[in-house]
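S.K.: Got a file for you: model-v3.csv, CSV, C-alpha atoms.
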```csv
chain,number,residue,atom,x,y,z
D,1,MET,CA,-40.9,-12.9,-148.7
D,2,ILE,CA,-42.8,-11.9,-151.8
D,3,PHE,CA,-43.4,-15.5,-152.8
D,4,GLY,CA,-44.5,-16.6,-149.3
D,5,LYS,CA,-46.9,-13.7,-149.0
D,6,LYS,CA,-48.4,-14.5,-152.4
D,7,ILE,CA,-48.8,-18.2,-151.4
D,8,ARG,CA,-50.5,-17.2,-148.2
D,9,GLU,CA,-52.9,-14.9,-150.0
D,10,LEU,CA,-53.8,-17.5,-152.5
D,11,ARG,CA,-54.2,-20.2,-149.9
D,12,ASP,CA,-56.5,-18.0,-147.8
D,13,GLU,CA,-58.6,-17.0,-150.9
D,14,GLN,CA,-59.0,-20.6,-151.9
D,15,GLY,CA,-59.6,-22.0,-148.5
D,16,VAL,CA,-56.6,-24.4,-148.6
D,17,LEU,CA,-54.9,-25.4,-145.4
D,18,GLN,CA,-51.1,-25.3,-144.9
D,19,ARG,CA,-51.1,-29.1,-144.3
D,20,GLN,CA,-52.8,-29.7,-147.7
D,21,LEU,CA,-50.0,-27.8,-149.5
D,22,ALA,CA,-47.3,-29.4,-147.4
D,23,ALA,CA,-48.6,-32.8,-148.3
D,24,LEU,CA,-48.7,-31.8,-152.0
D,25,LEU,CA,-45.0,-30.8,-151.7
D,26,GLU,CA,-44.2,-33.8,-149.6
D,27,ILE,CA,-42.8,-31.7,-146.7
D,28,ASP,CA,-44.1,-31.3,-143.2
D,29,THR,CA,-46.4,-28.5,-142.2
D,30,PRO,CA,-43.9,-26.6,-140.1
D,31,MET,CA,-41.5,-26.5,-143.1
D,32,PHE,CA,-44.3,-25.2,-145.3
D,33,SER,CA,-45.1,-22.5,-142.7
D,34,LYS,CA,-41.5,-21.4,-142.8
D,35,ILE,CA,-41.7,-21.1,-146.6
D,36,GLU,CA,-44.8,-19.0,-146.3
D,37,ARG,CA,-43.2,-16.7,-143.7
D,38,GLY,CA,-40.1,-16.3,-145.8
D,39,ASP,CA,-37.8,-18.1,-143.3
D,40,ARG,CA,-37.0,-20.9,-145.8
D,41,ARG,CA,-36.9,-20.9,-149.6
D,42,ALA,CA,-39.1,-23.3,-151.6
D,43,LYS,CA,-37.4,-25.4,-154.2
D,44,ARG,CA,-38.1,-24.6,-157.9
D,45,GLU,CA,-40.2,-27.8,-158.3
D,46,HIS,CA,-42.3,-26.8,-155.3
D,47,VAL,CA,-43.0,-23.4,-156.9
D,48,ILE,CA,-44.2,-25.2,-160.1
D,49,LYS,CA,-46.4,-27.6,-158.1
D,50,LEU,CA,-47.9,-24.8,-156.1
D,51,ALA,CA,-48.6,-22.7,-159.3
D,52,GLU,CA,-50.5,-25.6,-160.8
D,53,TYR,CA,-52.4,-26.5,-157.7
D,54,LEU,CA,-53.4,-22.9,-157.0
D,55,HIS,CA,-54.2,-22.2,-160.7
D,56,GLN,CA,-51.6,-19.5,-161.1
D,57,ASP,CA,-49.3,-18.7,-164.0
D,58,GLU,CA,-46.1,-20.7,-163.5
D,59,LYS,CA,-43.8,-18.0,-164.9
D,60,GLU,CA,-45.3,-15.4,-162.6
D,61,MET,CA,-44.8,-17.6,-159.6
D,62,LEU,CA,-41.3,-18.4,-160.6
D,63,THR,CA,-40.6,-14.7,-161.0
D,64,LEU,CA,-41.8,-14.0,-157.5
D,65,TRP,CA,-39.7,-16.9,-156.1
D,66,LEU,CA,-36.6,-15.7,-158.0
D,67,ALA,CA,-37.2,-12.1,-156.8
D,68,ASP,CA,-37.0,-13.3,-153.2
D,69,LYS,CA,-33.6,-15.0,-154.0
D,70,VAL,CA,-32.3,-11.7,-155.5
D,71,LEU,CA,-33.5,-9.8,-152.5
D,72,ASP,CA,-31.7,-12.3,-150.2
D,73,ALA,CA,-28.5,-11.9,-152.2
D,74,VAL,CA,-28.4,-8.1,-152.0
D,75,GLY,CA,-30.0,-7.8,-148.6
D,76,ASP,CA,-29.9,-4.3,-147.2
D,77,ASP,CA,-26.5,-3.6,-148.8
D,78,GLU,CA,-26.4,0.1,-149.9
D,79,LEU,CA,-24.9,-1.1,-153.2
D,80,GLY,CA,-27.8,-3.5,-153.9
D,81,ASN,CA,-29.7,-1.3,-156.3
D,82,ASP,CA,-26.5,-0.6,-158.3
D,83,ALA,CA,-25.7,-4.3,-158.4
D,84,ILE,CA,-29.2,-5.1,-159.7
D,85,THR,CA,-28.9,-2.4,-162.4
D,86,VAL,CA,-25.5,-3.8,-163.6
D,87,ALA,CA,-27.0,-7.3,-163.6
D,88,GLN,CA,-30.0,-6.1,-165.7
D,89,GLU,CA,-27.7,-4.4,-168.2
D,90,GLN,CA,-25.7,-7.5,-168.6
D,91,ILE,CA,-28.8,-9.7,-169.0
D,92,LYS,CA,-30.0,-7.3,-171.7
D,93,LYS,CA,-26.7,-7.6,-173.5
D,94,ASP,CA,-26.6,-11.3,-173.2
D,95,TYR,CA,-30.2,-11.6,-174.4
D,96,ARG,CA,-29.6,-9.4,-177.4
D,97,TRP,CA,-26.6,-11.5,-178.4
D,98,PHE,CA,-28.7,-14.7,-177.9
D,99,THR,CA,-31.6,-13.4,-180.1
D,100,GLU,CA,-29.3,-12.2,-183.0
```
What is this file in structure tokens?
M.R.:
Amino acid sequence: MIFGKKIRELRDEQGVLQRQLAALLEIDTPMFSKIERGDRRAKREHVIKLAEYLHQDEKEMLTLWLADKVLDAVGDDELGNDAITVAQEQIKKDYRWFTE
């Protein structure tokens, strides 16, 4: 729910209504409310539109969105931290190979 919380904070700071952002994303207000509460996941294109509309860094917003997806995947599994560490190591190896 990291992404939803950030959207809520930005929306409140900027005085934007849920229905305004729902219209921007071409979804109904209840669906947007679920995204904000973390009950539903926004689509990648929604994140990009929200970042632009709310004057936020697109990469930062996509990172928060992706972090929510990772947290959903590992949940409260006791091996979650280990799995994330293994994934990080593999990403670093792949990235090193890619940049050589």
S.K.: With only C-alpha atoms as the atoms that count, which of D:Ile91, D:Ala42, D:Ile35, D:Leu62 lies nearest to Lys5 in chain D?
M.R.: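 When distances to Lys5 in chain D are compared using only C-alpha atoms, the smallest one comes from D:Ile35.
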S.K.: Set the distance at 8 Å and use only C-alpha atoms: which residues neighbour range 66-68 of chain D once local chain neighbours fewer than 5 positions away are removed? I'd like the list as a list in words.
M.R.: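 Skipping anything fewer than 5 positions along the chain leaves Met1, Ile2 and Phe3 of chain D.
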S.K.: Write a file of the selected residues as a PDB file, in the frame of the given file, keeping C-alpha atoms.
M.R.:
```
ATOM      1  CA  MET D   1     -40.900 -12.900-148.700  1.00  0.00           C
ATOM      2  CA  ILE D   2     -42.800 -11.900-151.800  1.00  0.00           C
ATOM      3  CA  PHE D   3     -43.400 -15.500-152.800  1.00  0.00           C
TER       4      PHE D   3
END
```
S.K.: D:Leu17, D:Gln90, D:Trp65, D:Glu45: which is nearest Thr29 in chain D, counting all atoms listed in the file?
M.R.: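 Closest candidate: D:Leu17.
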S.K.: Which distance in Å separates CA of Ala87 in chain D and CA of Gly38 in chain D, to one decimal?
M.R.: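 Atom-to-atom, CA of Ala87 in chain D and CA of Gly38 in chain D are spaced 23.9 Å apart.
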S.K.: Could you list, as number ranges by chain, every residue within 12 Å of Leu21 in chain D, counting all atoms listed in the file and ignoring same-chain residues fewer than 5 positions away?
M.R.: D: 7-8, 10-12, 14-16, 26-33, 35-36, 42, 46-47, 49-54
S.K.: Could you work out how far CA of Met61 in chain D lies from CA of Arg37 in chain D, giving the answer in Å with one decimal?
M.R.: 16.0 Å
S.K.: Could you tell me how far CA of Arg44 in chain D sits from CA of Glu89 in chain D, in Å to one decimal place?
M.R.: 24.9 Å
S.K.: Which one of D:Ile84, D:Val70, D:Leu24, D:Leu79 sits closest to Arg41 in chain D if you count only C-alpha atoms?
M.R.: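 Of D:Ile84, D:Val70, D:Leu24, D:Leu79, the one nearest Arg41 in chain D is D:Val70, counting only C-alpha atoms.
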S.K.: With distances taken over all atoms listed in the file, which residue among D:Val74, D:Ala23, D:Gln18, D:Lys69 lies nearest Lys43 in chain D?
M.R.: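 Among the listed residues, D:Lys69 lies closest to Lys43 in chain D.
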S.K.: Return the single residue from D:Leu71, D:Arg19, D:Asp39, D:Glu60 that is closest to Ala83 in chain D, with distances computed using only C-alpha atoms.
M.R.: D:Leu71
S.K.: Can you take range 9-24 of chain D from the block and write N, CA and C atoms as a PDB file, in the first residue's frame?
M.R.:
```
ATOM      1  N   GLU D   9      -1.559  11.088  -0.021  1.00  0.00           N
ATOM      2  CA  GLU D   9      -0.864  12.251   0.533  1.00  0.00           C
ATOM      3  C   GLU D   9      -0.778  13.375  -0.497  1.00  0.00           C
ATOM      4  N   LEU D  10      -0.384  13.029  -1.711  1.00  0.00           N
ATOM      5  CA  LEU D  10      -0.240  14.039  -2.765  1.00  0.00           C
ATOM      6  C   LEU D  10      -1.588  14.657  -3.116  1.00  0.00           C
ATOM      7  N   ARG D  11      -2.600  13.828  -3.192  1.00  0.00           N
ATOM      8  CA  ARG D  11      -3.942  14.308  -3.530  1.00  0.00           C
ATOM      9  C   ARG D  11      -4.426  15.280  -2.463  1.00  0.00           C
ATOM     10  N   ASP D  12      -4.229  14.928  -1.201  1.00  0.00           N
ATOM     11  CA  ASP D  12      -4.644  15.808  -0.105  1.00  0.00           C
ATOM     12  C   ASP D  12      -3.852  17.118  -0.120  1.00  0.00           C
ATOM     13  N   GLU D  13      -2.535  17.030  -0.304  1.00  0.00           N
ATOM     14  CA  GLU D  13      -1.687  18.235  -0.343  1.00  0.00           C
ATOM     15  C   GLU D  13      -2.104  19.184  -1.454  1.00  0.00           C
ATOM     16  N   GLN D  14      -2.487  18.622  -2.588  1.00  0.00           N
ATOM     17  CA  GLN D  14      -2.795  19.437  -3.760  1.00  0.00           C
ATOM     18  C   GLN D  14      -4.281  19.752  -3.902  1.00  0.00           C
ATOM     19  N   GLY D  15      -5.080  19.265  -2.975  1.00  0.00           N
ATOM     20  CA  GLY D  15      -6.511  19.560  -3.003  1.00  0.00           C
ATOM     21  C   GLY D  15      -7.229  18.952  -4.193  1.00  0.00           C
ATOM     22  N   VAL D  16      -6.816  17.779  -4.588  1.00  0.00           N
ATOM     23  CA  VAL D  16      -7.430  17.091  -5.725  1.00  0.00           C
ATOM     24  C   VAL D  16      -8.398  16.044  -5.187  1.00  0.00           C
ATOM     25  N   LEU D  17      -9.544  15.938  -5.820  1.00  0.00           N
ATOM     26  CA  LEU D  17     -10.552  14.968  -5.400  1.00  0.00           C
ATOM     27  C   LEU D  17     -10.306  13.609  -6.053  1.00  0.00           C
ATOM     28  N   GLN D  18     -10.748  12.566  -5.375  1.00  0.00           N
ATOM     29  CA  GLN D  18     -10.630  11.226  -5.948  1.00  0.00           C
ATOM     30  C   GLN D  18     -11.300  11.158  -7.315  1.00  0.00           C
ATOM     31  N   ARG D  19     -12.454  11.773  -7.436  1.00  0.00           N
ATOM     32  CA  ARG D  19     -13.187  11.689  -8.706  1.00  0.00           C
ATOM     33  C   ARG D  19     -12.424  12.356  -9.848  1.00  0.00           C
ATOM     34  N   GLN D  20     -11.624  13.375  -9.536  1.00  0.00           N
ATOM     35  CA  GLN D  20     -10.818  14.019 -10.571  1.00  0.00           C
ATOM     36  C   GLN D  20      -9.749  13.061 -11.091  1.00  0.00           C
ATOM     37  N   LEU D  21      -9.078  12.377 -10.176  1.00  0.00           N
ATOM     38  CA  LEU D  21      -8.031  11.439 -10.588  1.00  0.00           C
ATOM     39  C   LEU D  21      -8.636  10.211 -11.249  1.00  0.00           C
ATOM     40  N   ALA D  22      -9.799   9.785 -10.776  1.00  0.00           N
ATOM     41  CA  ALA D  22     -10.490   8.666 -11.416  1.00  0.00           C
ATOM     42  C   ALA D  22     -10.819   9.015 -12.866  1.00  0.00           C
ATOM     43  N   ALA D  23     -11.305  10.226 -13.094  1.00  0.00           N
ATOM     44  CA  ALA D  23     -11.622  10.666 -14.459  1.00  0.00           C
ATOM     45  C   ALA D  23     -10.361  10.702 -15.330  1.00  0.00           C
ATOM     46  N   LEU D  24      -9.273  11.176 -14.767  1.00  0.00           N
ATOM     47  CA  LEU D  24      -7.998  11.206 -15.488  1.00  0.00           C
ATOM     48  C   LEU D  24      -7.604   9.808 -15.952  1.00  0.00           C
TER      49      LEU D  24
END
```
